[in-house]
file query_6.txt (compact mmCIF, C-alpha atoms)
# COMPACT_ATOMS: atom_id res chain seq x y z
CA MET A 1187 24.25 143.62 -93.16
CA SER A 1188 25.53 141.45 -90.42
CA GLN A 1189 23.17 139.52 -88.14
CA GLU A 1190 23.87 139.50 -84.45
CA PRO A 1191 23.81 136.27 -82.59
CA HIS A 1192 20.77 135.42 -80.49
CA ASP A 1193 21.34 136.12 -76.87
CA GLN A 1194 19.68 133.41 -74.81
CA SER A 1195 20.17 135.36 -71.70
CA SER A 1196 17.60 137.61 -72.86
CA ALA A 1197 15.00 134.84 -72.27
CA PRO A 1198 12.88 135.40 -69.28
CA ALA A 1199 14.10 133.83 -66.02
CA GLY A 1200 10.80 132.29 -65.16
CA SER A 1201 10.84 130.05 -68.27
CA ARG A 1202 14.33 128.57 -67.39
CA ARG A 1203 13.52 127.22 -63.87
CA PRO A 1204 11.65 124.03 -64.86
CA LEU A 1205 14.42 123.09 -67.20
CA LEU A 1206 17.03 123.50 -64.53
CA LEU A 1207 15.11 121.30 -62.14
CA LEU A 1208 14.70 118.56 -64.74
CA ALA A 1209 18.35 118.67 -65.59
CA GLY A 1210 19.33 118.38 -61.96
CA ALA A 1211 17.14 115.34 -61.50
CA LEU A 1212 18.67 113.64 -64.51
CA VAL A 1213 22.14 114.30 -63.15
CA LEU A 1214 21.24 112.67 -59.84
CA VAL A 1215 19.79 109.60 -61.54
CA ALA A 1216 22.84 109.24 -63.76
CA ALA A 1217 25.18 109.54 -60.80
CA PHE A 1218 23.28 106.88 -58.86
CA LEU A 1219 23.27 104.42 -61.73
CA GLY A 1220 26.90 105.12 -62.51
CA GLY A 1221 27.90 104.38 -58.96
CA ARG A 1222 26.13 100.99 -59.02
CA VAL A 1223 27.87 99.96 -62.24
CA LEU A 1224 31.34 101.39 -61.68
CA ALA A 1225 31.74 100.33 -58.03
CA PRO A 1226 32.44 96.63 -58.79
CA LEU A 1227 34.87 97.57 -61.55
CA LEU A 1228 36.81 99.87 -59.31
CA ARG A 1229 37.10 97.02 -56.70
CA GLY A 1230 38.53 94.66 -59.30
CA ASP A 1231 35.54 92.32 -59.29
CA ASP A 1232 35.16 90.88 -62.81
CA ALA A 1233 32.22 88.66 -61.91
CA PRO A 1234 29.38 89.33 -59.70
CA ALA A 1235 29.70 87.94 -56.19
CA PRO A 1236 28.15 84.54 -55.84
CA ALA A 1237 24.91 84.33 -54.05
CA PRO A 1238 25.38 83.56 -50.39
CA THR A 1239 24.77 79.93 -49.51
CA ALA A 1240 23.09 78.72 -46.36
CA ALA A 1241 25.56 78.11 -43.58
CA ALA A 1242 26.12 74.40 -42.82
CA LYS A 1243 24.52 73.32 -39.62
CA PRO A 1244 26.94 71.97 -37.03
CA GLU A 1245 26.64 68.22 -36.52
CA ALA A 1246 24.66 67.34 -33.36
CA PRO A 1247 26.71 65.49 -30.77
CA PRO A 1248 25.80 61.77 -30.45
CA THR A 1249 22.98 61.13 -28.05
CA PRO A 1250 24.23 59.06 -25.11
CA ALA A 1251 22.46 55.70 -24.55
CA PRO A 1252 19.86 55.92 -21.80
CA ALA A 1253 21.09 54.56 -18.51
CA ALA A 1254 19.36 51.47 -17.06
CA ALA A 1255 16.36 52.50 -15.09
CA GLU A 1256 16.92 52.12 -11.40
CA ALA A 1257 14.31 50.24 -9.35
CA PRO A 1258 12.09 52.65 -7.47
CA PRO A 1259 12.65 52.73 -3.74
CA PRO A 1260 10.26 50.56 -1.72
CA ALA A 1261 7.02 52.26 -0.92
CA ASP A 1262 6.66 53.47 2.61
CA THR A 1263 3.67 51.58 3.90
CA ASP A 1264 3.55 53.73 7.02
CA THR A 1265 2.80 56.97 5.19
CA PRO A 1266 -0.73 58.38 5.45
CA ALA A 1267 -1.21 57.89 1.70
CA ALA A 1268 -0.32 54.18 1.94
CA ARG A 1269 -2.61 53.47 4.87
CA PRO A 1270 -6.04 52.03 3.98
CA ARG A 1271 -8.80 54.54 4.32
CA PRO A 1272 -11.77 53.71 6.56
CA GLY A 1273 -14.65 52.26 4.61
CA ARG A 1274 -12.47 51.57 1.58
CA LYS A 1275 -12.12 47.94 0.57
CA THR A 1276 -8.63 46.79 -0.31
CA ALA A 1277 -8.05 43.96 -2.72
CA ARG A 1278 -6.80 40.82 -1.04
CA PRO A 1279 -5.06 37.95 -2.76
CA ALA A 1280 -7.21 34.88 -3.20
CA PRO A 1281 -6.33 32.13 -0.70
CA ALA A 1282 -4.53 29.15 -2.09
CA VAL A 1283 -6.83 26.19 -2.58
CA PRO A 1284 -5.29 23.01 -1.12
CA ALA A 1285 -5.21 19.99 -3.34
CA PRO A 1286 -8.01 17.56 -2.47
CA SER A 1287 -6.82 14.58 -0.47
CA ALA A 1288 -7.77 11.06 -1.35
CA ALA A 1289 -10.91 9.77 0.38
CA PRO A 1290 -10.20 7.22 3.13
CA THR A 1291 -10.99 3.61 2.34
CA VAL A 1292 -10.67 2.14 5.86
CA GLY A 1293 -12.04 3.07 9.25
CA GLU A 1294 -10.39 4.30 12.42
CA LEU A 1295 -12.08 3.88 15.81
CA LYS A 1296 -11.13 5.96 18.84
CA ILE A 1297 -12.54 3.95 21.74
CA ASP A 1298 -12.82 5.37 25.25
CA SER A 1299 -14.65 4.54 28.50
CA ASP A 1300 -15.93 6.41 31.53
CA VAL A 1301 -14.05 3.82 33.62
CA PRO A 1302 -10.28 4.35 33.18
CA GLY A 1303 -8.33 1.28 32.14
CA ALA A 1304 -11.27 -0.67 30.74
CA MET A 1305 -10.10 -3.53 28.52
CA VAL A 1306 -11.10 -3.22 24.86
CA PHE A 1307 -11.58 -6.11 22.41
CA LEU A 1308 -12.50 -5.78 18.74
CA ASP A 1309 -13.55 -8.98 17.00
CA ARG A 1310 -12.10 -10.89 20.00
CA VAL A 1311 -8.69 -9.25 19.51
CA TYR A 1312 -7.36 -7.36 22.53
CA LEU A 1313 -6.51 -3.78 21.59
CA GLY A 1314 -5.42 -2.47 24.99
CA SER A 1315 -6.79 -0.30 27.80
CA ALA A 1316 -9.13 2.58 27.05
CA PRO A 1317 -8.57 5.03 25.54
CA VAL A 1318 -7.25 3.16 22.54
CA THR A 1319 -7.33 3.59 18.74
CA ALA A 1320 -8.16 0.83 16.26
CA SER A 1321 -6.64 1.66 12.86
CA ASN A 1322 -7.17 0.16 9.38
CA VAL A 1323 -10.57 -1.31 10.24
CA THR A 1324 -12.36 -2.60 7.17
CA PRO A 1325 -15.81 -1.08 6.62
CA GLY A 1326 -18.66 -3.27 7.79
CA PRO A 1327 -19.92 -4.85 11.03
CA HIS A 1328 -17.46 -5.49 13.88
CA GLN A 1329 -18.00 -6.81 17.40
CA LEU A 1330 -16.85 -4.58 20.26
CA ASN A 1331 -16.44 -5.89 23.82
CA VAL A 1332 -15.31 -3.73 26.74
CA SER A 1333 -14.95 -4.89 30.33
CA ALA A 1334 -14.20 -2.99 33.52
CA GLU A 1335 -13.69 -4.37 36.99
CA GLY A 1336 -16.82 -4.10 39.12
CA TYR A 1337 -19.14 -3.51 36.15
CA GLU A 1338 -21.08 -5.73 33.79
CA GLY A 1339 -19.32 -6.20 30.47
CA HIS A 1340 -20.34 -4.10 27.50
CA SER A 1341 -20.98 -5.71 24.13
CA GLU A 1342 -22.24 -4.17 20.90
CA THR A 1343 -21.99 -4.52 17.14
CA LEU A 1344 -20.44 -1.52 15.41
CA GLN A 1345 -21.17 -0.65 11.79
CA VAL A 1346 -17.82 0.79 10.69
CA SER A 1347 -17.52 3.21 7.76
CA ALA A 1348 -14.47 4.65 6.05
CA GLY A 1349 -13.03 7.54 8.08
CA THR A 1350 -12.60 8.30 11.78
CA ALA A 1351 -15.28 7.67 14.43
CA ASP A 1352 -15.40 8.08 18.22
CA VAL A 1353 -16.87 5.35 20.43
CA MET A 1354 -17.61 6.07 24.10
CA VAL A 1355 -18.55 3.19 26.40
CA ARG A 1356 -20.33 4.31 29.56
CA PHE A 1357 -20.52 1.91 32.47
CA LYS A 1358 -21.71 4.46 35.01
CA VAL A 1359 -24.87 5.36 33.12
CA ILE A 1360 -27.88 3.26 34.10
CA ARG A 1361 -29.50 1.58 31.13
CA LEU A 1362 -32.63 -0.47 31.54
CA ASN A 1363 -35.46 -1.15 29.15
CA GLU A 1364 -37.38 -4.32 30.02
CA ALA A 1365 -40.94 -5.34 29.17
CA MET A 1366 -42.89 -8.57 29.66
CA ALA A 1367 -46.47 -9.76 29.23
CA VAL A 1368 -47.84 -10.94 32.60
CA VAL A 1369 -50.96 -12.08 34.37
CA HIS A 1370 -51.75 -10.38 37.66
CA LYS A 1371 -53.23 -12.91 40.11
CA HIS A 1372 -55.96 -11.50 42.34
CA GLY A 1373 -57.34 -13.12 45.44
CA VAL A 1374 -60.29 -13.99 43.23
CA GLY A 1375 -59.68 -13.89 39.47
CA SER A 1376 -56.89 -12.15 37.55
CA CYS A 1377 -56.13 -9.49 34.95
CA GLU A 1378 -53.60 -9.25 32.15
CA GLY A 1379 -51.20 -6.47 31.27
CA ARG A 1380 -47.55 -5.61 30.74
CA LEU A 1381 -44.83 -5.25 33.36
CA LEU A 1382 -42.16 -2.72 32.40
CA ALA A 1383 -38.95 -1.41 33.97
CA ASP A 1384 -36.50 1.39 33.16
CA ALA A 1385 -33.92 3.41 35.07
CA ASN A 1386 -36.70 5.18 37.00
CA GLY A 1387 -38.43 2.07 38.40
CA VAL A 1388 -41.10 -0.56 37.69
CA ARG A 1389 -44.66 -0.04 36.41
CA TYR A 1390 -47.64 -2.17 35.52
CA GLU A 1391 -49.92 -1.24 32.62
CA THR A 1392 -53.37 -2.85 32.40
CA ALA A 1393 -56.89 -2.10 31.37
CA ASN A 1394 -57.91 -2.65 35.00
CA LYS A 1395 -57.04 0.81 36.29
CA GLY A 1396 -57.34 -0.25 39.93
CA ASP A 1397 -54.38 -2.65 39.54
CA ALA A 1398 -52.00 -0.38 37.54
CA PHE A 1399 -49.05 1.13 39.39
CA SER A 1400 -45.72 2.92 38.92
CA LEU A 1401 -43.06 2.54 41.62
CA LYS A 1402 -39.57 3.97 41.99
CA PHE A 1403 -36.84 1.57 43.02
CA SER A 1404 -36.64 3.28 46.39
CA GLU A 1405 -40.36 2.49 46.94
CA LEU A 1406 -39.90 -1.27 46.49
CA GLU A 1407 -39.87 -3.23 49.72
CA ALA A 1408 -39.76 -6.62 47.99
CA PHE A 1409 -38.87 -7.67 44.44
CA GLU A 1410 -38.57 -11.46 44.40
CA VAL A 1411 -38.98 -14.34 41.95
CA ASP A 1412 -39.95 -17.93 42.77
CA TYR A 1413 -38.97 -19.99 39.82
CA LEU A 1414 -40.69 -23.19 40.99
CA LYS A 1415 -43.96 -21.43 41.78
CA LYS A 1416 -43.64 -19.40 38.57
CA ASN A 1417 -44.29 -16.20 40.51
CA LEU A 1418 -42.80 -12.70 40.65
CA ARG A 1419 -43.66 -10.78 43.81
CA VAL A 1420 -43.62 -6.97 43.92
CA LYS A 1421 -44.40 -5.15 47.21
CA ARG A 1422 -44.74 -1.44 47.78
CA ARG A 1423 -42.90 -0.27 50.89
CA GLY A 1424 -45.52 -0.44 53.69
CA GLY A 1425 -48.28 -1.10 51.16
CA LYS A 1426 -49.85 -3.40 48.58
CA THR A 1427 -48.37 -6.61 47.14
CA TRP A 1428 -48.71 -7.80 43.49
CA ASN A 1429 -48.10 -11.38 42.31
CA PHE A 1430 -47.37 -11.91 38.61
CA THR A 1431 -47.08 -15.02 36.50
CA THR A 1432 -46.61 -15.69 32.79
CA LYS A 1433 -48.40 -17.68 30.12
CA ALA A 1434 -45.11 -19.23 29.09
CA GLU A 1435 -44.51 -22.92 29.77
CA ASN A 1436 -41.86 -22.12 32.39
CA ALA A 1437 -40.74 -19.22 34.55
CA ASP A 1438 -37.82 -18.21 32.31
CA PRO A 1439 -39.34 -14.84 31.25
CA LEU A 1440 -39.96 -13.96 34.92
CA PHE A 1441 -36.42 -15.00 35.86
CA VAL A 1442 -34.73 -12.91 33.11
CA PHE A 1443 -36.89 -9.86 33.87
CA HIS A 1444 -36.12 -10.07 37.60
CA ARG A 1445 -32.38 -10.58 37.04
CA ASN A 1446 -31.95 -7.56 34.74
CA VAL A 1447 -34.12 -5.24 36.81
CA ASP A 1448 -32.66 -6.24 40.16
CA LYS A 1449 -29.08 -5.45 39.01
CA VAL A 1450 -30.08 -1.88 38.24
CA ARG A 1451 -32.20 -1.65 41.41
CA GLN A 1452 -29.19 -2.58 43.52
CA GLN A 1453 -27.03 -0.07 41.67
CA VAL A 1454 -29.52 2.75 42.20
CA VAL A 1455 -30.64 2.00 45.75
CA GLY A 1456 -27.81 0.06 47.33
CA GLY A 1457 -24.96 1.71 45.48
CA VAL A 1458 -23.57 -1.70 44.47
CA PRO A 1459 -22.35 -1.65 40.83
CA ALA A 1460 -24.05 -4.08 38.50
CA GLY A 1461 -22.05 -7.25 37.93
CA ARG A 1462 -20.76 -7.69 41.51

call {"tool": "encode", "arguments": {"input": "query_6.txt", "output": "structure tokens"}}
result
Amino acid sequence: MSQEPHDQSSAPAGSRRPLLLLAGALVLVAAFLGGRVLAPLLRGDDAPAPAPTAAAKPEAPPTPAPAAAEAPPPADTDTPAARPRPGRKTARPAPAVPAPSAAPTVGELKIDSDVPGAMVFLDRVYLGSAPVTASNVTPGPHQLNVSAEGYEGHSETLQVSAGTADVMVRFKVIRLNEAMAVVHKHGVGSCEGRLLADANGVRYETANKGDAFSLKFSELEAFEVDYLKKNLRVKRRGGKTWNFTTKAENADPLFVFHRNVDKVRQQVVGGVPAGR
């Protein structure tokens, strides 16, 4: 007895569906893998394409040398920013210190007089008419003599130092400083004291207050000396008379006192310059 072949179609349809799906998936996978393998062969590529290399960077152009820096334009000192602000201290340059000069070793005298044209002598050497300058004078004592017409000559010793000094000789200024010990002769008896004179007049100082006096030159009516009688007579204008003598052997002190005082008295009262 013959056996009939098994008919697979007789299998139920529901049992074939999973198989069909699996088979379809396998076909898709095989097709994908086959395409990846066969594609290079179909293009004629025997070896796989080399891996791409990094593109070479273009060379940077040479950097030009920096140009020389130009000097900035001068600042505008008239702009508000450049002007000094009130109350703000601005730095100032320190002043230059001058080099010290050598100290002088000789003296220089600038000699003048209140009488124009007075003749000036230094150590008996005529320098000229005042005002005059004596240069290169050695430090130490020097004798100065100045004379002017109509006035008594001026004489003094100058102590000169290194450097410059001014010397003013005044003939028109009255100078008088005289003093002498005297004996005042009374009608009966006497008293002792000092007779003095300056530019203001004559005065007598004594312990006997009744005999003391102070007279201006304009108040003197008589001012006389008698050398032989050794007497100096002083008389107030319209008033008392005083007679003075000295304990010296002669009348020389009275004579010198009278001479020096009377020159100034004439200059003050009579307007006649001393020395005429």

call {"tool": "residues_around", "arguments": {"input": "query_6.txt", "residues": "Ser1321 in chain A", "least_positions_apart": "2", "cutoff": "12 Å", "atoms": "all atoms listed in the file", "output": "PyMOL selection string"}}
result
chain A and resi 1290-1297+1308+1313+1318-1319+1323-1325+1346+1348-1351

call {"tool": "atom_distance", "arguments": {"input": "query_6.txt", "atom1": "CA of Gly1336 in chain A", "atom2": "CA of Val1355 in chain A"}}
result
14.8 Å

call {"tool": "atom_distance", "arguments": {"input": "query_6.txt", "atom1": "CA of Glu1435 in chain A", "atom2": "CA of Thr1392 in chain A"}}
result
22.1 Å

call {"tool": "residues_around", "arguments": {"input": "query_6.txt", "residues": "Lys1433 in chain A", "least_positions_apart": "4", "cutoff": "12 Å", "atoms": "only C-alpha atoms", "output": "compact mmCIF listing (two decimals) with C-alpha atoms, in the coordinates of the input"}}
result
# COMPACT_ATOMS: atom_id res chain seq x y z
CA MET A 1366 -42.89 -8.57 29.66
CA ALA A 1367 -46.47 -9.76 29.23
CA VAL A 1368 -47.84 -10.94 32.60
CA VAL A 1369 -50.96 -12.08 34.37
CA HIS A 1370 -51.75 -10.38 37.66
CA GLU A 1378 -53.60 -9.25 32.15
CA GLY A 1379 -51.20 -6.47 31.27
CA LYS A 1416 -43.64 -19.40 38.57
CA ASN A 1417 -44.29 -16.20 40.51
CA ALA A 1437 -40.74 -19.22 34.55
CA ASP A 1438 -37.82 -18.21 32.31
CA PRO A 1439 -39.34 -14.84 31.25
CA LEU A 1440 -39.96 -13.96 34.92

call {"tool": "residues_near_point", "arguments": {"input": "query_6.txt", "point": "(-59.1, -2.0, 39.3)", "cutoff": "12 Å", "atoms": "only C-alpha atoms", "output": "PDB file with C-alpha atoms, keeping the file's coordinate frame"}}
result
ATOM      1  CA  HIS A1370     -51.750 -10.380  37.660  1.00  0.00           C
ATOM      2  CA  HIS A1372     -55.960 -11.500  42.340  1.00  0.00           C
ATOM      3  CA  GLY A1375     -59.680 -13.890  39.470  1.00  0.00           C
ATOM      4  CA  SER A1376     -56.890 -12.150  37.550  1.00  0.00           C
ATOM      5  CA  CYS A1377     -56.130  -9.490  34.950  1.00  0.00           C
ATOM      6  CA  GLU A1378     -53.600  -9.250  32.150  1.00  0.00           C
ATOM      7  CA  GLU A1391     -49.920  -1.240  32.620  1.00  0.00           C
ATOM      8  CA  THR A1392     -53.370  -2.850  32.400  1.00  0.00           C
ATOM      9  CA  ALA A1393     -56.890  -2.100  31.370  1.00  0.00           C
ATOM     10  CA  ASN A1394     -57.910  -2.650  35.000  1.00  0.00           C
ATOM     11  CA  LYS A1395     -57.040   0.810  36.290  1.00  0.00           C
ATOM     12  CA  GLY A1396     -57.340  -0.250  39.930  1.00  0.00           C
ATOM     13  CA  ASP A1397     -54.380  -2.650  39.540  1.00  0.00           C
ATOM     14  CA  ALA A1398     -52.000  -0.380  37.540  1.00  0.00           C
ATOM     15  CA  PHE A1399     -49.050   1.130  39.390  1.00  0.00           C
TER      16      PHE A1399
END

call {"tool": "atom_distance", "arguments": {"input": "query_6.txt", "atom1": "CA of Ala1289 in chain A", "atom2": "CA of Leu1344 in chain A"}}
result
21.1 Å

call {"tool": "residues_around", "arguments": {"input": "query_6.txt", "residues": "Ser1333 in chain A", "least_positions_apart": "4", "cutoff": "6 Å", "atoms": "all atoms listed in the file", "output": "number ranges by chain"}}
result
A: 1304-1305, 1339

call {"tool": "closest_residue", "arguments": {"input": "query_6.txt", "among": "A:Asp1309, A:Asp1448, A:Asp1300, A:Glu1342", "to": "Phe1403 in chain A", "atoms": "only C-alpha atoms"}}
result
A:Asp1448

call {"tool": "residues_near_point", "arguments": {"input": "query_6.txt", "point": "(-18.2, -6.1, 12.6)", "cutoff": "8 Å", "atoms": "only C-alpha atoms", "output": "ChimeraX atom specification"}}
result
/A:1309,1326-1330,1343-1346

call {"tool": "closest_residue", "arguments": {"input": "query_6.txt", "among": "A:Val1213, A:Leu1382, A:Val1332, A:Leu1406", "to": "Arg1356 in chain A", "atoms": "all atoms listed in the file"}}
result
A:Val1332

call {"tool": "closest_residue", "arguments": {"input": "query_6.txt", "among": "A:Ala1434, A:Arg1451, A:Leu1418, A:Thr1427", "to": "Ala1383 in chain A", "atoms": "all atoms listed in the file"}}
result
A:Arg1451

call {"tool": "closest_residue", "arguments": {"input": "query_6.txt", "among": "A:Lys1402, A:Arg1423, A:Lys1358, A:Arg1380", "to": "Gln1453 in chain A", "atoms": "only C-alpha atoms"}}
result
A:Lys1358

call {"tool": "closest_residue", "arguments": {"input": "query_6.txt", "among": "A:Ser1400, A:Leu1207, A:Asn1436, A:Ser1341", "to": "Arg1310 in chain A", "atoms": "only C-alpha atoms"}}
result
A:Ser1341

call {"tool": "residues_around", "arguments": {"input": "query_6.txt", "residues": "Pro1302 in chain A", "least_positions_apart": "6", "cutoff": "9 Å", "atoms": "only C-alpha atoms", "output": "list in words"}}
result
Ser1315, Ala1316, Pro1317 and Ala1334 of chain A

call {"tool": "decode", "arguments": {"input": "query_6.txt", "residues": "range 1294-1307 of chain A", "atoms": "N, CA and C atoms", "output": "PDB file, in the first residue's frame"}}
result
ATOM      1  N   GLU A1294      87.013 146.199  51.656  1.00  0.00           N
ATOM      2  CA  GLU A1294      86.650 147.241  50.693  1.00  0.00           C
ATOM      3  C   GLU A1294      85.815 148.283  51.435  1.00  0.00           C
ATOM      4  N   LEU A1295      86.243 149.536  51.396  1.00  0.00           N
ATOM      5  CA  LEU A1295      85.575 150.609  52.115  1.00  0.00           C
ATOM      6  C   LEU A1295      84.909 151.554  51.121  1.00  0.00           C
ATOM      7  N   LYS A1296      83.612 151.755  51.302  1.00  0.00           N
ATOM      8  CA  LYS A1296      82.879 152.733  50.501  1.00  0.00           C
ATOM      9  C   LYS A1296      82.662 153.962  51.376  1.00  0.00           C
ATOM     10  N   ILE A1297      83.440 155.008  51.119  1.00  0.00           N
ATOM     11  CA  ILE A1297      83.486 156.179  51.994  1.00  0.00           C
ATOM     12  C   ILE A1297      82.698 157.317  51.365  1.00  0.00           C
ATOM     13  N   ASP A1298      81.793 157.901  52.157  1.00  0.00           N
ATOM     14  CA  ASP A1298      80.975 159.008  51.675  1.00  0.00           C
ATOM     15  C   ASP A1298      80.900 160.074  52.761  1.00  0.00           C
ATOM     16  N   SER A1299      80.370 161.257  52.396  1.00  0.00           N
ATOM     17  CA  SER A1299      80.292 162.385  53.320  1.00  0.00           C
ATOM     18  C   SER A1299      79.005 163.153  53.061  1.00  0.00           C
ATOM     19  N   ASP A1300      78.495 163.813  54.114  1.00  0.00           N
ATOM     20  CA  ASP A1300      77.312 164.640  53.930  1.00  0.00           C
ATOM     21  C   ASP A1300      77.665 166.000  53.332  1.00  0.00           C
ATOM     22  N   VAL A1301      78.954 166.249  53.122  1.00  0.00           N
ATOM     23  CA  VAL A1301      79.413 167.437  52.395  1.00  0.00           C
ATOM     24  C   VAL A1301      80.005 166.955  51.071  1.00  0.00           C
ATOM     25  N   PRO A1302      79.358 167.241  49.932  1.00  0.00           N
ATOM     26  CA  PRO A1302      79.865 166.747  48.648  1.00  0.00           C
ATOM     27  C   PRO A1302      81.278 167.258  48.370  1.00  0.00           C
ATOM     28  N   GLY A1303      82.096 166.373  47.810  1.00  0.00           N
ATOM     29  CA  GLY A1303      83.446 166.768  47.430  1.00  0.00           C
ATOM     30  C   GLY A1303      84.454 166.772  48.544  1.00  0.00           C
ATOM     31  N   ALA A1304      84.104 166.226  49.710  1.00  0.00           N
ATOM     32  CA  ALA A1304      85.078 166.178  50.807  1.00  0.00           C
ATOM     33  C   ALA A1304      86.267 165.319  50.397  1.00  0.00           C
ATOM     34  N   MET A1305      87.456 165.735  50.785  1.00  0.00           N
ATOM     35  CA  MET A1305      88.688 165.033  50.409  1.00  0.00           C
ATOM     36  C   MET A1305      88.949 163.898  51.402  1.00  0.00           C
ATOM     37  N   VAL A1306      89.247 162.716  50.858  1.00  0.00           N
ATOM     38  CA  VAL A1306      89.376 161.505  51.669  1.00  0.00           C
ATOM     39  C   VAL A1306      90.820 161.015  51.617  1.00  0.00           C
ATOM     40  N   PHE A1307      91.386 160.730  52.794  1.00  0.00           N
ATOM     41  CA  PHE A1307      92.739 160.185  52.917  1.00  0.00           C
ATOM     42  C   PHE A1307      92.659 158.920  53.764  1.00  0.00           C
TER      43      PHE A1307
END
